[in-house]
$ cat query.txt   # compact mmCIF, C-alpha atoms and all ligand atoms
# COMPACT_ATOMS: atom_id res chain seq x y z
CA MET A 1 19.37 -5.62 18.93
CA LYS A 2 18.46 -3.57 21.99
CA PRO A 3 16.10 -0.69 21.18
CA LEU A 4 17.41 2.88 21.44
CA SER A 5 15.84 5.43 23.76
CA ALA A 6 12.75 7.28 22.53
CA ASP A 7 14.82 10.49 22.37
CA ALA A 8 17.44 8.81 20.21
CA TYR A 9 14.82 7.55 17.74
CA VAL A 10 13.05 10.90 17.55
CA GLU A 11 16.22 12.93 17.10
CA GLY A 12 17.81 10.48 14.66
CA VAL A 13 14.72 10.24 12.46
CA ARG A 14 14.25 14.04 12.49
CA ALA A 15 17.88 14.45 11.45
CA GLY A 16 17.28 12.07 8.53
CA ASP A 17 19.81 9.55 9.87
CA ARG A 18 19.21 6.43 7.77
CA THR A 19 20.57 3.99 10.31
CA VAL A 20 18.24 5.32 12.99
CA LEU A 21 15.36 5.46 10.50
CA ALA A 22 15.94 1.79 9.65
CA ARG A 23 16.00 0.90 13.33
CA ALA A 24 12.84 2.91 14.00
CA ILE A 25 11.10 1.01 11.20
CA THR A 26 12.28 -2.28 12.71
CA LEU A 27 10.83 -1.09 16.02
CA VAL A 28 7.36 -0.35 14.57
CA GLU A 29 7.48 -3.66 12.68
CA SER A 30 8.23 -5.60 15.85
CA GLU A 31 5.49 -7.93 17.07
CA HIS A 32 6.97 -7.87 20.54
CA PRO A 33 4.54 -6.34 23.06
CA ARG A 34 7.47 -4.74 24.90
CA HIS A 35 8.36 -2.73 21.79
CA ALA A 36 4.81 -1.56 21.09
CA ALA A 37 4.64 1.16 23.76
CA LEU A 38 8.03 2.58 22.77
CA ALA A 39 7.06 2.51 19.08
CA GLN A 40 3.84 4.40 19.79
CA GLU A 41 5.68 6.96 21.91
CA VAL A 42 8.18 7.59 19.13
CA LEU A 43 5.39 7.87 16.53
CA THR A 44 3.34 10.22 18.69
CA ARG A 45 6.31 12.53 19.15
CA LEU A 46 7.08 12.45 15.43
CA LEU A 47 3.47 12.99 14.35
CA PRO A 48 3.74 16.82 14.22
CA HIS A 49 6.54 16.39 11.67
CA THR A 50 4.57 14.12 9.34
CA GLY A 51 2.10 14.82 6.55
CA ASN A 52 4.42 16.72 4.24
CA SER A 53 5.06 14.16 1.55
CA ARG A 54 3.25 13.13 -1.61
CA ARG A 55 1.93 9.67 -0.78
CA VAL A 56 1.52 7.74 -3.99
CA GLY A 57 0.39 4.12 -4.38
CA ILE A 58 1.60 2.06 -7.33
CA SER A 59 -0.03 -1.24 -8.28
CA GLY A 60 -0.02 -3.66 -11.14
CA VAL A 61 0.11 -7.36 -11.83
CA PRO A 62 3.47 -9.15 -11.67
CA GLY A 63 5.46 -8.45 -14.82
CA VAL A 64 3.69 -5.19 -15.70
CA GLY A 65 6.92 -3.34 -14.90
CA LYS A 66 6.46 -1.96 -11.37
CA SER A 67 10.12 -2.18 -10.35
CA THR A 68 11.31 -0.77 -13.66
CA PHE A 69 8.73 2.01 -13.38
CA ILE A 70 9.57 2.90 -9.77
CA ASP A 71 13.26 2.91 -10.65
CA ALA A 72 12.58 5.33 -13.53
CA LEU A 73 10.14 7.52 -11.60
CA GLY A 74 12.36 7.53 -8.52
CA MET A 75 15.38 8.60 -10.57
CA HIS A 76 13.29 11.33 -12.22
CA LEU A 77 12.28 12.63 -8.78
CA VAL A 78 15.76 12.36 -7.30
CA GLY A 79 17.02 14.22 -10.37
CA ALA A 80 14.54 16.99 -9.55
CA GLY A 81 16.06 17.28 -6.08
CA LYS A 82 13.44 15.24 -4.22
CA ARG A 83 14.03 12.67 -1.53
CA VAL A 84 12.13 9.48 -2.30
CA ALA A 85 11.14 6.55 -0.10
CA VAL A 86 9.77 3.32 -1.56
CA LEU A 87 7.73 0.99 0.64
CA ALA A 88 6.11 -2.27 -0.40
CA ILE A 89 3.10 -4.23 0.64
CA ASP A 90 3.36 -7.81 -0.48
CA PRO A 91 0.22 -9.78 0.35
CA SER A 92 1.87 -13.05 -0.61
CA SER A 93 4.58 -12.74 2.02
CA SER A 94 2.00 -12.48 4.79
CA VAL A 95 0.15 -15.56 3.60
CA SER A 96 2.89 -17.93 2.49
CA GLY A 97 6.14 -16.39 3.64
CA GLY A 98 7.08 -16.28 -0.06
CA SER A 99 6.80 -13.13 -2.08
CA ILE A 100 5.45 -11.90 -5.39
CA LEU A 101 7.37 -8.65 -5.27
CA GLY A 102 10.44 -10.79 -5.02
CA ASP A 103 13.81 -10.62 -3.41
CA LYS A 104 15.73 -10.10 -6.61
CA THR A 105 17.63 -6.88 -6.90
CA ARG A 106 14.95 -4.50 -7.99
CA MET A 107 15.26 -0.81 -8.75
CA ALA A 108 18.95 -1.10 -9.52
CA ARG A 109 19.66 2.60 -10.01
CA LEU A 110 17.39 3.93 -7.30
CA SER A 111 18.79 1.56 -4.69
CA ARG A 112 22.17 3.25 -5.12
CA ALA A 113 20.85 6.82 -5.09
CA ASP A 114 21.73 8.89 -2.03
CA ASN A 115 18.35 10.56 -1.84
CA ALA A 116 16.34 7.36 -2.05
CA TYR A 117 15.41 4.85 0.58
CA ILE A 118 13.89 1.48 -0.30
CA ARG A 119 12.31 -0.68 2.37
CA PRO A 120 10.96 -4.13 1.50
CA SER A 121 7.57 -5.35 2.67
CA PRO A 122 7.28 -6.56 6.27
CA SER A 123 7.60 -10.29 5.88
CA SER A 124 5.20 -11.50 8.53
CA GLY A 125 1.72 -10.85 9.82
CA THR A 126 -1.76 -10.57 8.39
CA LEU A 127 -2.51 -8.13 5.60
CA GLY A 128 -3.98 -5.83 8.27
CA GLY A 129 -0.80 -6.11 10.32
CA VAL A 130 1.40 -5.46 7.30
CA ALA A 131 -0.74 -2.43 6.45
CA ARG A 132 -0.34 -1.04 9.96
CA LYS A 133 3.43 -1.39 9.77
CA THR A 134 3.56 0.21 6.33
CA ARG A 135 1.41 3.17 7.47
CA GLU A 136 3.66 3.74 10.44
CA THR A 137 6.77 3.37 8.29
CA LEU A 138 5.31 5.98 5.94
CA LEU A 139 4.98 8.40 8.87
CA LEU A 140 8.57 7.72 9.94
CA CYS A 141 9.79 8.44 6.40
CA GLU A 142 7.86 11.71 6.36
CA ALA A 143 9.33 12.73 9.70
CA ALA A 144 12.75 11.92 8.23
CA GLY A 145 12.11 14.48 5.48
CA PHE A 146 11.23 12.40 2.43
CA ASP A 147 9.27 14.44 -0.12
CA VAL A 148 7.67 11.52 -1.92
CA VAL A 149 6.67 8.15 -0.51
CA LEU A 150 5.83 5.50 -3.11
CA VAL A 151 3.88 2.53 -1.77
CA GLU A 152 4.10 -0.43 -4.12
CA THR A 153 1.80 -3.41 -4.16
CA VAL A 154 0.77 -6.22 -6.45
CA GLY A 155 -2.63 -5.62 -7.98
CA VAL A 156 -4.21 -8.82 -6.81
CA GLY A 157 -6.57 -9.48 -3.94
CA GLN A 158 -7.18 -6.90 -1.27
CA SER A 159 -3.83 -5.19 -1.05
CA GLU A 160 -4.92 -2.44 -3.43
CA THR A 161 -7.71 -1.40 -1.05
CA VAL A 162 -5.21 -1.34 1.79
CA VAL A 163 -2.87 0.89 -0.24
CA GLN A 164 -5.68 3.17 -1.34
CA GLU A 165 -6.45 3.78 2.32
CA MET A 166 -2.99 5.20 2.99
CA VAL A 167 -2.10 7.25 -0.09
CA ASP A 168 -3.12 10.57 -1.62
CA PHE A 169 -2.99 9.32 -5.16
CA TYR A 170 -3.17 5.90 -6.72
CA VAL A 171 -1.36 4.93 -9.92
CA VAL A 172 -2.22 1.63 -11.58
CA LEU A 173 0.05 0.19 -14.25
CA MET A 174 -1.58 -1.81 -17.04
CA LEU A 175 -0.55 -3.47 -20.25
CA ALA A 176 -2.18 -3.17 -23.66
CA GLY A 177 -4.90 -5.80 -24.05
CA ALA A 178 -7.51 -3.75 -22.29
CA GLY A 179 -10.43 -5.59 -23.84
CA ASP A 180 -9.95 -8.76 -21.83
CA GLU A 181 -8.83 -7.08 -18.67
CA LEU A 182 -11.78 -4.75 -18.39
CA GLN A 183 -14.14 -7.71 -18.26
CA GLY A 184 -12.65 -9.35 -15.28
CA ILE A 185 -10.59 -9.26 -12.17
CA LYS A 186 -9.17 -5.79 -12.44
CA ARG A 187 -12.46 -3.98 -12.26
CA GLY A 188 -12.02 -3.30 -8.55
CA ILE A 189 -8.68 -1.66 -9.08
CA LEU A 190 -10.00 0.48 -11.92
CA GLU A 191 -12.67 1.83 -9.63
CA VAL A 192 -10.13 3.28 -7.21
CA ALA A 193 -7.32 4.30 -9.60
CA ASP A 194 -6.51 8.02 -9.87
CA LEU A 195 -4.22 7.44 -12.82
CA ILE A 196 -3.90 4.50 -15.18
CA ALA A 197 -0.66 4.16 -17.10
CA ILE A 198 -0.38 1.69 -19.96
CA ASN A 199 3.25 0.61 -19.60
CA LYS A 200 5.59 -0.89 -22.22
CA ALA A 201 4.41 1.66 -24.77
CA ASP A 202 7.59 1.21 -26.80
CA GLY A 203 8.74 -0.41 -30.05
CA ASP A 204 6.08 -2.45 -31.83
CA ASN A 205 3.89 -2.23 -28.79
CA ALA A 206 3.48 1.57 -28.93
CA PRO A 207 0.44 1.66 -31.29
CA ARG A 208 -1.29 -1.06 -29.26
CA ALA A 209 -0.68 0.90 -26.10
CA GLU A 210 -2.24 3.99 -27.69
CA ARG A 211 -5.27 1.95 -28.74
CA ALA A 212 -5.53 0.52 -25.24
CA ARG A 213 -5.47 4.02 -23.84
CA ALA A 214 -8.45 5.01 -26.00
CA GLU A 215 -10.31 1.85 -24.95
CA TYR A 216 -9.66 2.50 -21.28
CA ARG A 217 -10.78 6.06 -21.67
CA ALA A 218 -14.09 5.02 -23.20
CA ALA A 219 -14.66 2.26 -20.67
CA LEU A 220 -13.82 4.42 -17.66
CA HIS A 221 -16.04 7.19 -18.94
CA LEU A 222 -18.92 4.73 -18.59
CA MET A 223 -17.69 3.16 -15.37
CA ARG A 224 -16.93 6.39 -13.51
CA PRO A 225 -18.72 9.28 -15.22
CA GLY A 226 -17.47 12.61 -13.90
CA ALA A 227 -14.70 10.90 -11.92
CA GLU A 228 -12.55 9.48 -14.68
CA PRO A 229 -8.94 8.81 -13.78
CA VAL A 230 -6.10 10.24 -15.84
CA ILE A 231 -5.12 7.71 -18.51
CA THR A 232 -1.67 7.81 -20.00
CA THR A 233 0.97 5.64 -21.65
CA CYS A 234 4.61 5.21 -20.68
CA SER A 235 7.70 3.13 -21.21
CA ALA A 236 9.37 2.50 -17.89
CA LEU A 237 12.21 0.76 -19.70
CA GLU A 238 12.99 3.72 -21.95
CA GLY A 239 11.99 6.34 -19.40
CA GLN A 240 9.34 7.75 -21.78
CA GLY A 241 6.26 9.45 -20.39
CA ILE A 242 7.44 9.37 -16.79
CA ASP A 243 7.83 13.14 -16.46
CA THR A 244 4.40 13.80 -17.99
CA LEU A 245 2.91 11.23 -15.66
CA TRP A 246 4.45 12.83 -12.60
CA ASP A 247 3.28 16.27 -13.73
CA ALA A 248 -0.24 14.88 -13.87
CA VAL A 249 0.12 13.50 -10.33
CA GLU A 250 1.32 16.88 -9.05
CA THR A 251 -1.45 18.76 -10.83
CA GLN A 252 -4.17 16.48 -9.49
CA VAL A 253 -2.84 16.44 -5.94
CA ALA A 254 -2.44 20.24 -5.94
CA ARG A 255 -6.02 20.61 -7.16
CA ARG A 256 -7.26 18.37 -4.34
CA ALA A 257 -5.15 20.18 -1.78
CA ALA A 258 -6.65 23.51 -2.89
CA SER A 259 -10.23 22.21 -2.71
CA GLY A 260 -9.74 20.69 0.74
CA GLU A 261 -10.35 17.19 -0.63
CA LEU A 262 -6.83 16.05 0.21
CA ALA A 263 -7.10 17.05 3.87
CA ARG A 264 -10.54 15.40 4.09
CA ARG A 265 -9.22 12.20 2.55
CA ARG A 266 -6.31 12.07 4.98
CA THR A 267 -8.57 12.74 7.97
CA GLU A 268 -10.94 9.96 6.93
CA GLN A 269 -7.97 7.65 6.42
CA GLN A 270 -6.89 8.32 10.02
CA VAL A 271 -10.33 7.44 11.35
CA GLY A 272 -10.49 4.40 9.08
CA TRP A 273 -7.09 3.32 10.35
CA MET A 274 -8.29 3.60 13.94
CA TRP A 275 -11.25 1.33 13.18
CA ALA A 276 -9.11 -1.12 11.25
CA MET A 277 -6.90 -1.40 14.33
CA VAL A 278 -9.95 -1.91 16.56
CA HIS A 279 -11.25 -4.67 14.27
CA ASP A 280 -7.85 -6.36 14.13
CA GLY A 281 -7.57 -6.19 17.91
CA LEU A 282 -11.04 -7.66 18.37
CA ARG A 283 -10.32 -10.47 15.95
CA ALA A 284 -7.06 -11.28 17.74
CA ALA A 285 -8.75 -11.18 21.16
CA LEU A 286 -11.52 -13.43 19.89
CA ARG A 287 -9.01 -15.96 18.59
CA ALA A 288 -7.09 -15.89 21.86
CA HIS A 289 -10.16 -16.26 24.10
CA PRO A 290 -9.97 -19.69 25.85
CA GLU A 291 -13.70 -20.27 26.18
CA VAL A 292 -14.32 -19.31 22.57
CA ALA A 293 -11.49 -21.60 21.47
CA SER A 294 -12.98 -24.57 23.30
CA LEU A 295 -16.51 -23.90 21.96
CA VAL A 296 -15.60 -23.37 18.32
CA PRO A 297 -14.93 -26.98 17.17
CA THR A 298 -18.30 -28.20 18.52
CA LEU A 299 -20.19 -25.22 17.15
CA GLU A 300 -18.61 -25.52 13.72
CA ARG A 301 -19.53 -29.23 13.65
CA ASP A 302 -23.09 -28.48 14.74
CA VAL A 303 -23.46 -25.90 11.99
CA ARG A 304 -21.94 -28.24 9.38
CA GLU A 305 -24.23 -31.08 10.38
CA GLY A 306 -27.33 -28.92 10.51
CA ARG A 307 -27.84 -29.21 14.26
CA ALA A 308 -27.45 -25.51 14.91
CA THR A 309 -28.24 -22.48 12.80
CA PRO A 310 -25.30 -20.19 11.95
CA THR A 311 -27.03 -17.40 13.86
CA SER A 312 -27.48 -19.36 17.07
CA ALA A 313 -23.88 -20.61 16.89
CA ALA A 314 -22.61 -17.07 16.30
CA LEU A 315 -24.59 -15.83 19.29
CA ARG A 316 -23.01 -18.53 21.47
CA VAL A 317 -19.51 -17.48 20.36
CA LEU A 318 -20.33 -13.85 21.07
CA GLY A 319 -21.97 -14.81 24.37
CA ALA A 320 -18.78 -16.52 25.50
CA PHE A 321 -16.62 -13.62 24.32
CA LEU A 322 -18.88 -10.82 25.57
CA PRO A 323 -20.86 -12.21 28.51
CA GLN A 324 -23.40 -9.37 28.35
CA THR A 325 -24.52 -10.29 24.81
CA PRO A 326 -27.87 -12.13 24.91
CA ALA A 327 -27.17 -15.69 23.85
P1 LIG B 401 7.16 -6.11 -11.89
O1 LIG B 401 7.00 -7.59 -11.67
O2 LIG B 401 5.82 -5.45 -12.08
O3 LIG B 401 7.99 -5.43 -10.86
O4 LIG B 401 7.87 -5.94 -13.31
P2 LIG B 401 9.42 -5.65 -13.67
O5 LIG B 401 9.74 -4.22 -13.46
O6 LIG B 401 10.28 -6.66 -12.99
O7 LIG B 401 9.38 -5.88 -15.24
C1 LIG B 401 9.04 -7.13 -15.81
C2 LIG B 401 9.70 -7.25 -17.19
O8 LIG B 401 9.14 -6.26 -18.05
C3 LIG B 401 11.20 -7.00 -17.15
O9 LIG B 401 11.80 -7.88 -18.07
C4 LIG B 401 11.32 -5.56 -17.61
O10 LIG B 401 12.56 -5.29 -18.25
C5 LIG B 401 10.19 -5.45 -18.61
N1 LIG B 401 9.68 -4.06 -18.70
C6 LIG B 401 9.35 -3.24 -17.66
N2 LIG B 401 8.95 -2.04 -18.13
C7 LIG B 401 9.02 -2.12 -19.49
C8 LIG B 401 8.74 -1.19 -20.56
O11 LIG B 401 8.33 -0.05 -20.36
N3 LIG B 401 8.92 -1.66 -21.83
C9 LIG B 401 9.36 -2.91 -22.10
N4 LIG B 401 9.51 -3.26 -23.36
N5 LIG B 401 9.65 -3.79 -21.12
C10 LIG B 401 9.48 -3.41 -19.84
$ encode --input "query.txt" --output "structure tokens"
Amino acid sequence: MKPLSADAYVEGVRAGDRTVLARAITLVESEHPRHAALAQEVLTRLLPHTGNSRRVGISGVPGVGKSTFIDALGMHLVGAGKRVAVLAIDPSSSVSGGSILGDKTRMARLSRADNAYIRPSPSSGTLGGVARKTRETLLLCEAAGFDVVLVETVGVGQSETVVQEMVDFYVVLMLAGAGDELQGIKRGILEVADLIAINKADGDNAPRAERARAEYRAALHLMRPGAEPVITTCSALEGQGIDTLWDAVETQVARRAASGELARRRTEQQVGWMWAMVHDGLRAALRAHPEVASLVPTLERDVREGRATPTSAALRVLGAFLPQTPA
């Protein structure tokens, strides 16, 4: 499809026109160099109209109930008169073309709500590339007047760091069974969470969820003294605890806005984003450099076979890429 004019994107997005918003997102997602300048022009013109939403990250392992939770939370927010956008970052789709977040119909109620907009994860590119597209999509949604932007990701690998770098507040969904989980892989995510919700706190599972909450509280008190996240329980399926959870998000974000912490965090995120883009660009340029490409197989073999030290090989790569670097 032929791109619209910059004016048409800017006006359509500002008017909250969903068709134009969808096309603007497709434009920023495009890998085509010809679209990049237009996308940046549109974003630059929309920038003064961004920054007014609650940006909330939501993570959790597959099966924890993310879609059910976002459906329930989204409906709660829509019911309170808010406009809600849901974006996703799916690290699996950038690696394998498959997806963990899945293509099944998720968020059944929210996907039919007039005041909600759900955009699936960009399906190609590196995690850095997907993050760039999601950040820019978030800005477009803000310019289109959404009050809350929920950024969903699977709590595995590095995607949680990427999400943390674009949101104001980070919710992590967990299941009861804290004992095992605290030992292992989810430590990283617990260190950055602003709120931990033990989901599926319903039926027979409710007492276990309450116990898990107490265990998490004790563990996080040790892990992050003075900076403990809010810990709560909920049942996404039954819609229990969702309103309390959102109240806690609002309270915390308002407190940070009042102290200036929110503005500082967003400013640092902007600078971090700039550097992430510089690093991505350098990596891409390095990969595309013909002399580097022809050197690499020999250098890798020399390093493997002990004929060159990693440092000397690295200096040769850099010397080819940046001729002024001493080789
Ligand atoms: P996701 O993979 O994290 O998006 O998880 P889903 O939202 O698809 O949920 C996985 C399964 O858990 C589904 O069968 C849901 O119905 C179920 N589920 C989600 N939330 C709850 C809950 O609060 N209580 C119970 N009992 N089941 C839930």
$ atom_distance --input "query.txt" --atom1 "atom CA of A:Glu31" --atom2 "atom CA of A:Met1"
14.2 Å
$ atom_distance --input "query.txt" --atom1 "atom P2 of ligand LIG 401 (chain B)" --atom2 "atom CA of A:Thr153"
12.4 Å
$ residues_near_ligand --input "query.txt" --ligand "ligand LIG 401 (chain B)" --cutoff "7 Å" --atoms "all atoms listed in the file" --output "PyMOL selection string"
chain A and resi 60-69+101+199-202+234-238
$ atom_distance --input "query.txt" --atom1 "atom CA of A:Leu175" --atom2 "atom CA of A:Ile198"
5.2 Å
$ closest_residue --input "query.txt" --among "A:Glu250, A:Lys133, A:Val13, A:Gly306" --to "A:Leu77" --atoms "all atoms listed in the file"
A:Glu250
$ residues_around --input "query.txt" --residues "A:Val86" --least-positions-apart "3" --cutoff "10 Å" --atoms "all atoms listed in the file" --output "ChimeraX atom specification"
/A:56-57,70-71,74,107,110-111,116-121,138,141,148-152
$ residues_near_point --input "query.txt" --point "(-2.5, 2.2, -24.3)" --cutoff "10 Å" --atoms "all atoms listed in the file" --output "number ranges by chain"
A: 174-178, 196-201, 205-217, 231-234
$ closest_atom_pairs --input "query.txt" --of "stretch 252-316 of chain A" --to "stretch 128-132 of chain A" --cutoff "12 Å" --atoms "all atoms listed in the file" --output "JSON lines"
{"residue": "A:Gln270", "atom": "CA", "partner": "A:Arg132", "partner_atom": "CA", "distance": 11.4}
{"residue": "A:Gly272", "atom": "CA", "partner": "A:Arg132", "partner_atom": "CA", "distance": 11.5}
{"residue": "A:Trp273", "atom": "CA", "partner": "A:Arg132", "partner_atom": "CA", "distance": 8.0}
{"residue": "A:Met274", "atom": "CA", "partner": "A:Arg132", "partner_atom": "CA", "distance": 10.0}
{"residue": "A:Trp275", "atom": "CA", "partner": "A:Gly128", "partner_atom": "CA", "distance": 11.3}
{"residue": "A:Ala276", "atom": "CA", "partner": "A:Gly128", "partner_atom": "CA", "distance": 7.6}
{"residue": "A:Met277", "atom": "CA", "partner": "A:Arg132", "partner_atom": "CA", "distance": 7.9}
{"residue": "A:Val278", "atom": "CA", "partner": "A:Gly128", "partner_atom": "CA", "distance": 10.9}
{"residue": "A:His279", "atom": "CA", "partner": "A:Gly128", "partner_atom": "CA", "distance": 9.5}
{"residue": "A:Asp280", "atom": "CA", "partner": "A:Gly128", "partner_atom": "CA", "distance": 7.0}
{"residue": "A:Gly281", "atom": "CA", "partner": "A:Gly129", "partner_atom": "CA", "distance": 10.2}
{"residue": "A:Arg283", "atom": "CA", "partner": "A:Gly128", "partner_atom": "CA", "distance": 11.0}
{"residue": "A:Ala284", "atom": "CA", "partner": "A:Gly129", "partner_atom": "CA", "distance": 11.0}
$ closest_residue --input "query.txt" --among "A:Asn52, A:Gly241, A:Val317, A:Glu291" --to "A:Leu262" --atoms "all atoms listed in the file"
A:Asn52
$ residues_near_point --input "query.txt" --point "(-1.2, 1.5, -2.4)" --cutoff "10 Å" --atoms "all atoms listed in the file" --output "count of residues only"
30
$ closest_residue --input "query.txt" --among "A:Pro122, A:Asp90, A:Arg106, A:Asp114" --to "A:Ser30" --atoms "all atoms listed in the file"
A:Pro122
$ build_atoms --input "query.txt" --residues "stretch 147-174 of chain A" --atoms "N, CA and C atoms" --output "mmCIF file, in the coordinates of the input"
data_model
loop_
_atom_site.group_PDB
_atom_site.id
_atom_site.type_symbol
_atom_site.label_atom_id
_atom_site.label_comp_id
_atom_site.auth_asym_id
_atom_site.auth_seq_id
_atom_site.Cartn_x
_atom_site.Cartn_y
_atom_site.Cartn_z
ATOM 1 N N ASP A 147 10.271 13.605 0.557
ATOM 2 C CA ASP A 147 9.270 14.440 -0.120
ATOM 3 C C ASP A 147 8.200 13.606 -0.803
ATOM 4 N N VAL A 148 8.601 12.402 -1.212
ATOM 5 C CA VAL A 148 7.670 11.520 -1.920
ATOM 6 C C VAL A 148 7.788 10.139 -1.304
ATOM 7 N N VAL A 149 6.652 9.539 -0.968
ATOM 8 C CA VAL A 149 6.670 8.150 -0.510
ATOM 9 C C VAL A 149 5.853 7.329 -1.512
ATOM 10 N N LEU A 150 6.510 6.373 -2.155
ATOM 11 C CA LEU A 150 5.830 5.500 -3.110
ATOM 12 C C LEU A 150 5.519 4.191 -2.405
ATOM 13 N N VAL A 151 4.265 3.795 -2.400
ATOM 14 C CA VAL A 151 3.880 2.530 -1.770
ATOM 15 C C VAL A 151 3.497 1.560 -2.887
ATOM 16 N N GLU A 152 4.284 0.519 -3.022
ATOM 17 C CA GLU A 152 4.100 -0.430 -4.120
ATOM 18 C C GLU A 152 3.316 -1.650 -3.650
ATOM 19 N N THR A 153 2.395 -2.114 -4.458
ATOM 20 C CA THR A 153 1.800 -3.410 -4.160
ATOM 21 C C THR A 153 1.432 -4.123 -5.453
ATOM 22 N N VAL A 154 1.181 -5.418 -5.312
ATOM 23 C CA VAL A 154 0.770 -6.220 -6.450
ATOM 24 C C VAL A 154 -0.740 -6.053 -6.581
ATOM 25 N N GLY A 155 -1.198 -5.845 -7.795
ATOM 26 C CA GLY A 155 -2.630 -5.620 -7.980
ATOM 27 C C GLY A 155 -3.429 -6.889 -7.992
ATOM 28 N N VAL A 156 -3.367 -7.632 -6.938
ATOM 29 C CA VAL A 156 -4.210 -8.820 -6.810
ATOM 30 C C VAL A 156 -4.777 -8.826 -5.397
ATOM 31 N N GLY A 157 -5.989 -9.344 -5.271
ATOM 32 C CA GLY A 157 -6.570 -9.480 -3.940
ATOM 33 C C GLY A 157 -6.895 -8.154 -3.315
ATOM 34 N N GLN A 158 -6.690 -8.068 -1.998
ATOM 35 C CA GLN A 158 -7.180 -6.900 -1.270
ATOM 36 C C GLN A 158 -6.118 -5.854 -1.022
ATOM 37 N N SER A 159 -4.883 -6.119 -1.442
ATOM 38 C CA SER A 159 -3.830 -5.190 -1.050
ATOM 39 C C SER A 159 -4.031 -3.813 -1.667
ATOM 40 N N GLU A 160 -4.735 -3.764 -2.841
ATOM 41 C CA GLU A 160 -4.920 -2.440 -3.430
ATOM 42 C C GLU A 160 -5.851 -1.566 -2.587
ATOM 43 N N THR A 161 -6.830 -2.178 -1.931
ATOM 44 C CA THR A 161 -7.710 -1.400 -1.050
ATOM 45 C C THR A 161 -6.899 -0.860 0.121
ATOM 46 N N VAL A 162 -6.044 -1.735 0.662
ATOM 47 C CA VAL A 162 -5.210 -1.340 1.790
ATOM 48 C C VAL A 162 -4.307 -0.160 1.408
ATOM 49 N N VAL A 163 -3.742 -0.208 0.205
ATOM 50 C CA VAL A 163 -2.870 0.890 -0.240
ATOM 51 C C VAL A 163 -3.686 2.152 -0.458
ATOM 52 N N GLN A 164 -4.853 1.996 -1.062
ATOM 53 C CA GLN A 164 -5.680 3.170 -1.340
ATOM 54 C C GLN A 164 -6.009 3.912 -0.050
ATOM 55 N N GLU A 165 -6.104 3.154 1.040
ATOM 56 C CA GLU A 165 -6.450 3.780 2.320
ATOM 57 C C GLU A 165 -5.278 4.482 2.985
ATOM 58 N N MET A 166 -4.104 4.470 2.367
ATOM 59 C CA MET A 166 -2.990 5.200 2.990
ATOM 60 C C MET A 166 -2.306 6.204 2.061
ATOM 61 N N VAL A 167 -2.778 6.321 0.827
ATOM 62 C CA VAL A 167 -2.100 7.250 -0.090
ATOM 63 C C VAL A 167 -3.021 8.389 -0.526
ATOM 64 N N ASP A 168 -2.373 9.426 -1.107
ATOM 65 C CA ASP A 168 -3.120 10.570 -1.620
ATOM 66 C C ASP A 168 -3.550 10.318 -3.060
ATOM 67 N N PHE A 169 -2.803 9.467 -3.721
ATOM 68 C CA PHE A 169 -2.990 9.320 -5.160
ATOM 69 C C PHE A 169 -2.585 7.911 -5.552
ATOM 70 N N TYR A 170 -3.363 7.323 -6.443
ATOM 71 C CA TYR A 170 -3.170 5.900 -6.720
ATOM 72 C C TYR A 170 -2.931 5.666 -8.213
ATOM 73 N N VAL A 171 -1.731 5.200 -8.526
ATOM 74 C CA VAL A 171 -1.360 4.930 -9.920
ATOM 75 C C VAL A 171 -1.444 3.425 -10.167
ATOM 76 N N VAL A 172 -2.131 3.052 -11.233
ATOM 77 C CA VAL A 172 -2.220 1.630 -11.580
ATOM 78 C C VAL A 172 -1.559 1.428 -12.943
ATOM 79 N N LEU A 173 -0.618 0.510 -12.989
ATOM 80 C CA LEU A 173 0.050 0.190 -14.250
ATOM 81 C C LEU A 173 -0.713 -0.937 -14.939
ATOM 82 N N MET A 174 -0.865 -0.812 -16.247
ATOM 83 C CA MET A 174 -1.580 -1.810 -17.040
ATOM 84 C C MET A 174 -0.759 -2.112 -18.285
#
